[in-house]
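Peer 1: Pasting coords_6.cif here (mmCIF, C-alpha atoms and all ligand atoms):
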data_run
loop_
_atom_site.label_atom_id
_atom_site.label_comp_id
_atom_site.auth_asym_id
_atom_site.auth_seq_id
_atom_site.Cartn_x
_atom_site.Cartn_y
_atom_site.Cartn_z
CA MET A 1 10.28 80.13 34.43
CA VAL A 2 10.66 78.64 37.86
CA THR A 3 8.27 76.65 39.99
CA GLY A 4 8.61 75.33 43.49
CA ALA A 5 6.83 74.18 46.59
CA PRO A 6 5.31 76.67 49.02
CA PHE A 7 7.58 77.47 51.90
CA GLY A 8 5.23 79.43 54.14
CA ARG A 9 5.79 79.37 57.87
CA ALA A 10 3.26 79.72 60.63
CA ARG A 11 2.61 83.27 61.78
CA LYS A 12 3.85 84.12 65.19
CA GLY A 13 2.00 85.39 68.23
CA GLY A 14 -1.29 87.19 68.45
CA THR A 15 -3.11 84.81 70.80
CA ILE A 16 -3.05 86.73 74.06
CA SER A 17 -6.32 88.15 75.32
CA ARG A 18 -6.63 91.77 76.33
CA THR A 19 -6.65 91.04 80.04
CA GLY A 20 -4.29 88.10 79.95
CA LYS A 21 -4.37 85.75 82.91
CA GLY A 22 -7.70 86.97 84.19
CA ARG A 23 -6.24 90.19 85.57
CA GLY A 24 -7.87 93.46 84.71
CA PRO A 25 -6.24 96.88 84.56
CA SER A 26 -6.43 97.08 88.35
CA GLY A 27 -4.95 93.61 88.93
CA ASP A 28 -2.21 92.79 91.36
CA ALA A 29 0.85 92.46 89.14
CA PRO A 30 3.78 94.61 90.28
CA HIS A 31 3.82 96.39 86.89
CA ASP A 32 0.27 97.64 87.38
CA THR A 33 1.31 100.64 89.46
CA PRO A 34 1.48 103.78 87.29
CA PRO A 35 4.82 105.57 87.45
CA PRO A 36 4.74 108.43 89.94
CA GLY A 37 3.64 111.80 88.73
CA THR A 38 1.80 110.79 85.56
CA GLY A 39 -1.69 110.28 86.90
CA ALA A 40 -2.57 108.37 83.72
CA PRO A 41 -3.31 104.66 83.55
CA ASP A 42 -0.08 102.91 82.60
CA LEU A 43 -0.84 101.15 79.34
CA LEU A 44 2.55 99.45 79.17
CA ALA A 45 2.20 98.01 82.66
CA ARG A 46 -1.23 96.66 81.78
CA LEU A 47 0.00 95.05 78.56
CA LEU A 48 3.08 93.53 80.18
CA ALA A 49 0.97 92.12 83.00
CA ALA A 50 -1.20 90.50 80.30
CA GLY A 51 1.86 88.94 78.67
CA VAL A 52 1.82 91.17 75.58
CA SER A 53 5.22 91.75 73.97
CA CYS A 54 5.82 95.51 73.71
CA ARG A 55 9.18 95.81 71.98
CA ALA A 56 9.59 98.94 69.89
CA ASN A 57 8.84 97.13 66.63
CA ASP A 58 5.93 95.02 67.91
CA ASN A 59 2.44 95.65 66.64
CA ILE A 60 0.01 95.88 69.58
CA ALA A 61 -3.13 96.84 67.66
CA ASP A 62 -5.07 93.90 69.11
CA PHE A 63 -4.55 95.22 72.61
CA VAL A 64 -5.11 98.99 72.41
CA THR A 65 -8.40 100.84 72.02
CA PRO A 66 -8.96 104.26 70.39
CA GLN A 67 -9.35 105.59 73.96
CA ASP A 68 -5.93 104.15 74.87
CA LEU A 69 -4.41 106.02 71.91
CA ASP A 70 -6.07 109.29 72.91
CA ALA A 71 -4.71 108.86 76.45
CA MET A 72 -1.28 107.92 75.05
CA GLU A 73 -1.17 111.06 72.93
CA ALA A 74 -2.15 113.30 75.86
CA GLU A 75 0.38 111.61 78.14
CA ALA A 76 3.15 111.82 75.51
CA GLU A 77 2.42 115.54 75.12
CA ARG A 78 2.98 116.05 78.86
CA HIS A 79 6.24 114.14 78.72
CA VAL A 80 7.54 116.03 75.67
CA ALA A 81 6.77 119.27 77.49
CA GLY A 82 8.81 117.90 80.41
CA LEU A 83 11.65 116.97 78.08
CA LEU A 84 11.79 120.50 76.67
CA ARG A 85 11.70 121.88 80.19
CA CYS A 86 14.65 119.77 81.32
CA LEU A 87 16.55 120.86 78.20
CA ALA A 88 16.01 124.45 79.43
CA ILE A 89 13.82 125.31 76.43
CA ASP A 90 11.12 127.80 77.41
CA ALA A 91 8.39 126.34 75.20
CA ALA A 92 5.69 128.56 76.70
CA GLY A 93 7.73 131.68 76.00
CA ASP A 94 8.94 130.72 72.53
CA HIS A 95 6.43 131.06 69.69
CA ASN A 96 8.31 128.37 67.71
CA SER A 97 8.09 125.79 70.49
CA THR A 98 4.75 126.51 72.14
CA ASP A 99 2.88 123.80 70.24
CA THR A 100 5.82 121.43 69.90
CA PRO A 101 4.78 119.00 72.66
CA ARG A 102 1.34 118.56 71.08
CA ARG A 103 2.76 118.31 67.54
CA TYR A 104 5.50 115.88 68.50
CA ALA A 105 3.22 113.60 70.52
CA ARG A 106 0.72 113.49 67.68
CA MET A 107 3.43 112.76 65.13
CA LEU A 108 4.70 109.79 67.14
CA VAL A 109 1.35 108.19 67.92
CA ARG A 110 -0.52 108.92 64.69
CA GLU A 111 2.23 108.94 62.08
CA VAL A 112 5.80 107.78 62.54
CA PHE A 113 5.06 105.00 65.08
CA ALA A 114 1.52 104.32 63.88
CA GLY A 115 2.55 100.86 62.63
CA ARG A 116 2.70 99.77 66.29
CA TYR A 117 -0.92 100.70 66.97
CA ALA A 118 -2.78 100.25 63.67
CA PRO A 119 -4.05 96.85 62.53
CA ARG A 120 -2.47 95.32 59.44
CA PRO A 121 -3.85 96.96 56.29
CA ALA A 122 -6.54 94.90 54.59
CA LEU A 123 -4.98 92.74 51.89
CA THR A 124 -7.52 91.24 49.57
CA ASP A 125 -5.75 88.28 48.02
CA PHE A 126 -6.89 86.53 44.89
CA PRO A 127 -6.42 83.01 43.59
CA ASN A 128 -3.63 82.78 41.04
CA ALA A 129 -6.23 81.77 38.47
CA ARG A 130 -3.90 81.80 35.46
CA LYS A 131 -1.24 79.85 37.34
CA LEU A 132 1.34 82.60 36.79
CA ASP A 133 4.76 81.39 37.87
CA GLU A 134 6.96 84.17 36.48
CA LEU A 135 9.01 86.44 38.66
CA TYR A 136 7.85 90.02 39.08
CA ALA A 137 9.51 92.84 40.98
CA VAL A 138 7.82 95.80 42.70
CA GLY A 139 9.72 98.96 43.57
CA PRO A 140 11.15 101.25 44.50
CA ILE A 141 8.79 101.49 47.47
CA THR A 142 9.65 104.48 49.67
CA ILE A 143 10.29 103.42 53.23
CA ARG A 144 10.29 105.66 56.30
CA SER A 145 11.15 104.38 59.71
CA ALA A 146 12.97 105.34 62.90
CA CYS A 147 16.06 103.77 64.38
CA ALA A 148 15.17 102.19 67.71
CA HIS A 149 18.51 103.23 69.19
CA HIS A 150 18.23 106.97 68.58
CA LEU A 151 14.62 107.50 67.43
CA VAL A 152 15.76 109.42 64.36
CA PRO A 153 14.61 108.71 60.79
CA ILE A 154 15.60 105.91 58.48
CA ILE A 155 14.64 106.83 54.92
CA GLY A 156 15.11 104.65 51.88
CA GLU A 157 13.65 102.33 49.31
CA ALA A 158 12.64 98.70 49.08
CA TRP A 159 12.18 96.27 46.20
CA ILE A 160 10.10 93.14 46.44
CA GLY A 161 10.35 90.16 44.11
CA VAL A 162 7.70 87.47 43.97
CA ILE A 163 7.31 84.18 42.18
CA PRO A 164 3.65 83.45 42.86
CA GLU A 165 2.15 80.22 44.11
CA GLU A 166 -1.60 79.88 44.85
CA ARG A 167 -2.41 83.46 45.92
CA VAL A 168 -1.63 86.95 44.61
CA ILE A 169 -2.25 90.50 45.92
CA GLY A 170 -2.43 93.85 44.15
CA LEU A 171 0.78 95.85 43.71
CA SER A 172 -0.33 98.71 45.99
CA LYS A 173 -0.70 96.22 48.85
CA PHE A 174 3.07 95.75 48.99
CA SER A 175 3.49 99.49 49.60
CA ARG A 176 0.79 99.51 52.29
CA LEU A 177 2.34 96.51 54.02
CA ALA A 178 5.81 98.08 53.89
CA GLN A 179 4.50 101.37 55.26
CA TRP A 180 2.77 99.56 58.13
CA VAL A 181 5.83 97.49 59.08
CA MET A 182 8.24 100.42 58.77
CA SER A 183 6.23 102.89 60.88
CA ARG A 184 7.81 101.57 64.08
CA PRO A 185 11.11 102.19 65.85
CA GLN A 186 13.42 99.37 64.81
CA ILE A 187 16.60 98.34 63.09
CA GLN A 188 16.72 97.69 59.35
CA GLU A 189 17.93 94.10 59.71
CA GLU A 190 14.78 93.18 61.67
CA ALA A 191 12.42 95.35 59.63
CA ILE A 192 13.21 93.57 56.38
CA VAL A 193 12.59 90.15 57.98
CA MET A 194 9.26 91.35 59.41
CA LEU A 195 8.21 92.64 56.00
CA ALA A 196 9.18 89.35 54.35
CA ASP A 197 7.24 87.42 57.04
CA GLU A 198 4.13 89.51 56.37
CA ILE A 199 4.28 88.97 52.62
CA GLU A 200 4.84 85.27 53.14
CA ALA A 201 1.89 85.07 55.54
CA ALA A 202 -0.31 86.89 53.02
CA ILE A 203 0.44 84.96 49.82
CA ALA A 204 2.91 82.12 50.58
CA PRO A 205 4.78 82.69 47.32
CA ALA A 206 7.03 80.07 45.70
CA GLY A 207 9.85 82.61 45.83
CA LEU A 208 10.26 85.88 47.71
CA ALA A 209 13.01 88.49 47.67
CA VAL A 210 13.16 91.79 49.55
CA VAL A 211 15.97 94.30 49.13
CA MET A 212 16.05 97.43 51.30
CA ARG A 213 18.44 100.34 50.95
CA ALA A 214 18.26 103.20 53.41
CA LYS A 215 19.98 106.19 54.90
CA HIS A 216 20.12 106.19 58.69
CA LEU A 217 20.05 109.69 60.10
CA CYS A 218 21.70 108.40 63.28
CA CYS A 219 24.85 108.15 61.12
CA ALA A 220 24.22 111.30 59.08
CA TRP A 221 22.85 113.82 61.59
CA ARG A 222 24.91 112.73 64.60
CA GLY A 223 27.60 110.14 65.35
CA VAL A 224 30.02 109.85 62.44
CA ARG A 225 27.92 112.39 60.45
CA ASP A 226 28.52 110.52 57.24
CA GLY A 227 25.69 111.71 55.02
CA GLY A 228 26.59 109.47 52.10
CA GLN A 229 26.43 106.15 53.87
CA MET A 230 23.60 103.75 53.00
CA MET A 231 22.70 100.37 54.42
CA THR A 232 21.53 97.62 52.08
CA THR A 233 19.89 94.45 53.39
CA SER A 234 18.27 91.56 51.56
CA VAL A 235 16.13 88.55 52.33
CA MET A 236 15.74 85.69 49.85
CA ARG A 237 13.31 82.85 50.42
CA GLY A 238 12.02 79.79 48.59
CA VAL A 239 12.98 79.53 44.95
CA LEU A 240 14.66 82.93 45.08
CA ARG A 241 17.01 81.60 47.72
CA THR A 242 17.74 78.21 46.16
CA ASP A 243 17.79 79.09 42.45
CA SER A 244 20.65 81.40 41.52
CA THR A 245 19.19 82.09 38.04
CA ALA A 246 15.95 83.35 39.57
CA ARG A 247 17.89 85.41 42.09
CA ARG A 248 20.02 86.97 39.33
CA GLU A 249 16.89 87.78 37.36
CA PHE A 250 15.41 89.59 40.38
CA LEU A 251 18.58 91.57 41.00
CA SER A 252 18.77 92.61 37.34
CA LEU A 253 15.12 93.73 37.45
CA VAL A 254 15.95 95.79 40.54
CA ALA A 255 19.01 97.28 38.83
CA GLY A 256 16.75 98.24 35.91
CA GLN A 257 14.45 100.04 38.36
CA GLY A 258 17.15 102.31 39.67
CA HIS A 259 18.95 100.17 42.22
CA GLY A 260 22.32 98.61 41.65
ZN ZN A 301 20.56 104.81 65.43
#
How would this structure read if it were set down as structure tokens?
Peer 2:
Amino acid sequence: MVTGAPFGRARKGGTISRTGKGRGPSGDAPHDTPPPGTGAPDLLARLLAAGVSCRANDNIADFVTPQDLDAMEAEAERHVAGLLRCLAIDAAGDHNSTDTPRRYARMLVREVFAGRYAPRPALTDFPNARKLDELYAVGPITIRSACAHHLVPIIGEAWIGVIPEERVIGLSKFSRLAQWVMSRPQIQEEAIVMLADEIEAAIAPAGLAVVMRAKHLCCAWRGVRDGGQMMTTSVMRGVLRTDSTARREFLSLVAGQGHG
């Protein structure tokens, strides 16, 4: 159907060493002092001193060890216990809440924010041996994330359209990539761009489209409490941006798969 030149862009970041400018965990940067009362080594201070970006939706897998994650989980548990205490919830005296600090800390570190700490899933890519240049669409892929403003869930679906170039990956890899990118606190507008960047870095397709449609619990559970509201975002690149016929074909495939 449609062919076009690759439009891949260089991947960003990822070149900073663990200890940065020659400073170890006990270096002399002002950030290196742990906050009072924690007694745990301050991972964030160490990473910032080393020049590592630690925004909520950054992946810092290259800079944290399994021991760091164990310490993070233990420290988070202490802080969640403190949060319950300051909310006047007697966790120790309430059988429903006794294990909540442990459960909540584990959920954050190992599940819902795991995309910050886990390396990118392995994506075995293959040469496009048969020179396929037809559009295909994958979806709906279930997405689960958390809004960086309120740390409450974002739940929805994504569709990915690809017009291949030199490389292809298996269909399940799109789901794994989406899961990895989404398991971080963020906003949907940035998440969809990050997902598109990852797909582009993996296969540099001739055309790429991502559509994401999600319910934000920060609008349903609190705030305006509008449970029916959804947010739809899209990113179109390469041929799928420049060729309106290809774009229409993608959107009709998506409509046929339950979105539209
Ligand atoms: Zn929010």
Peer 1: Could you list, with a cut-off of 12 Å and counting all atoms listed in the file, the residues of range 91-191 of chain A near range 62-69 of chain A, each shown with its nearest atom pair and the distance in Å rounded to one decimal, rows sorted by chain and ascending number, as JSON lines?
Peer 2:
{"residue": "A:Ala105", "atom": "CA", "partner": "A:Leu69", "partner_atom": "CA", "distance": 10.8}
{"residue": "A:Arg106", "atom": "CA", "partner": "A:Leu69", "partner_atom": "CA", "distance": 10.0}
{"residue": "A:Leu108", "atom": "CA", "partner": "A:Leu69", "partner_atom": "CA", "distance": 11.0}
{"residue": "A:Val109", "atom": "CA", "partner": "A:Leu69", "partner_atom": "CA", "distance": 7.3}
{"residue": "A:Arg110", "atom": "CA", "partner": "A:Leu69", "partner_atom": "CA", "distance": 8.7}
{"residue": "A:Phe113", "atom": "CA", "partner": "A:Leu69", "partner_atom": "CA", "distance": 11.7}
{"residue": "A:Ala114", "atom": "CA", "partner": "A:Leu69", "partner_atom": "CA", "distance": 10.1}
{"residue": "A:Arg116", "atom": "CA", "partner": "A:Val64", "partner_atom": "CA", "distance": 10.0}
{"residue": "A:Tyr117", "atom": "CA", "partner": "A:Val64", "partner_atom": "CA", "distance": 7.1}
{"residue": "A:Ala118", "atom": "CA", "partner": "A:Asp62", "partner_atom": "CA", "distance": 8.7}
{"residue": "A:Pro119", "atom": "CA", "partner": "A:Asp62", "partner_atom": "CA", "distance": 7.3}
{"residue": "A:Arg120", "atom": "CA", "partner": "A:Asp62", "partner_atom": "CA", "distance": 10.1}
Peer 1: Give me, as JSON lines, each residue of chain A that comes within 7 Å of ligand ZN 301 (chain A), together with its shortest interatomic pair and the distance in Å at one decimal, counting all atoms listed in the file, with rows ordered by chain and rising residue number.
Peer 2:
{"residue": "A:Cys147", "atom": "CA", "partner": "A:ZN301", "partner_atom": "ZN", "distance": 4.7}
{"residue": "A:Ala148", "atom": "CA", "partner": "A:ZN301", "partner_atom": "ZN", "distance": 6.4}
{"residue": "A:His149", "atom": "CA", "partner": "A:ZN301", "partner_atom": "ZN", "distance": 4.6}
{"residue": "A:His150", "atom": "CA", "partner": "A:ZN301", "partner_atom": "ZN", "distance": 4.5}
{"residue": "A:Leu151", "atom": "CA", "partner": "A:ZN301", "partner_atom": "ZN", "distance": 6.8}
{"residue": "A:Val152", "atom": "CA", "partner": "A:ZN301", "partner_atom": "ZN", "distance": 6.7}
{"residue": "A:His216", "atom": "CA", "partner": "A:ZN301", "partner_atom": "ZN", "distance": 6.9}
{"residue": "A:Cys218", "atom": "CA", "partner": "A:ZN301", "partner_atom": "ZN", "distance": 4.3}
{"residue": "A:Cys219", "atom": "CA", "partner": "A:ZN301", "partner_atom": "ZN", "distance": 6.9}
Peer 1: So that I can check the surroundings of Val211 in chain A, please list as a PDB file with C-alpha atoms, in the frame of the given file every protein, DNA and RNA residue that reaches within 7 Å of it, counting all atoms listed in the file and ignoring chain neighbours fewer than 2 positions away.
Peer 2:
ATOM      1  CA  ALA A 158      12.640  98.700  49.080  1.00  0.00           C
ATOM      2  CA  TRP A 159      12.180  96.270  46.200  1.00  0.00           C
ATOM      3  CA  ILE A 160      10.100  93.140  46.440  1.00  0.00           C
ATOM      4  CA  ALA A 209      13.010  88.490  47.670  1.00  0.00           C
ATOM      5  CA  ARG A 213      18.440 100.340  50.950  1.00  0.00           C
ATOM      6  CA  THR A 233      19.890  94.450  53.390  1.00  0.00           C
ATOM      7  CA  SER A 234      18.270  91.560  51.560  1.00  0.00           C
ATOM      8  CA  VAL A 235      16.130  88.550  52.330  1.00  0.00           C
TER       9      VAL A 235
END
Peer 1: List the spatial neighbours of Leu253 in chain A as a PyMOL selection string - criterion: any atom at most 12 Å away, all atoms listed in the file, same-chain residues fewer than 4 positions off excluded.
Peer 2: chain A and resi 135-140+159-162+209+211+246-249+257-260
Peer 1: Axis-aligned box over every listed atom of range 124-128 of chain A, padded by 3 Å per side: centre and edges in Å to one decimal, as lines of an AutoDock Vina configuration file?
Peer 2:
center_x = -5.6
center_y = 87.0
center_z = 45.3
size_x = 9.9
size_y = 14.5
size_z = 14.5
Peer 1: In Å to one decimal, how far is CA of Gly156 in chain A from CA of Lys173 in chain A?
Peer 2: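 For CA of Lys173 in chain A relative to CA of Gly156 in chain A, the distance reads 18.2 Å.
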Peer 1: For a test of reading the model, state the distance in Å between CA of Pro121 in chain A and CA of Arg144 in chain A, rounded to one decimal.
Peer 2: 16.6 Å
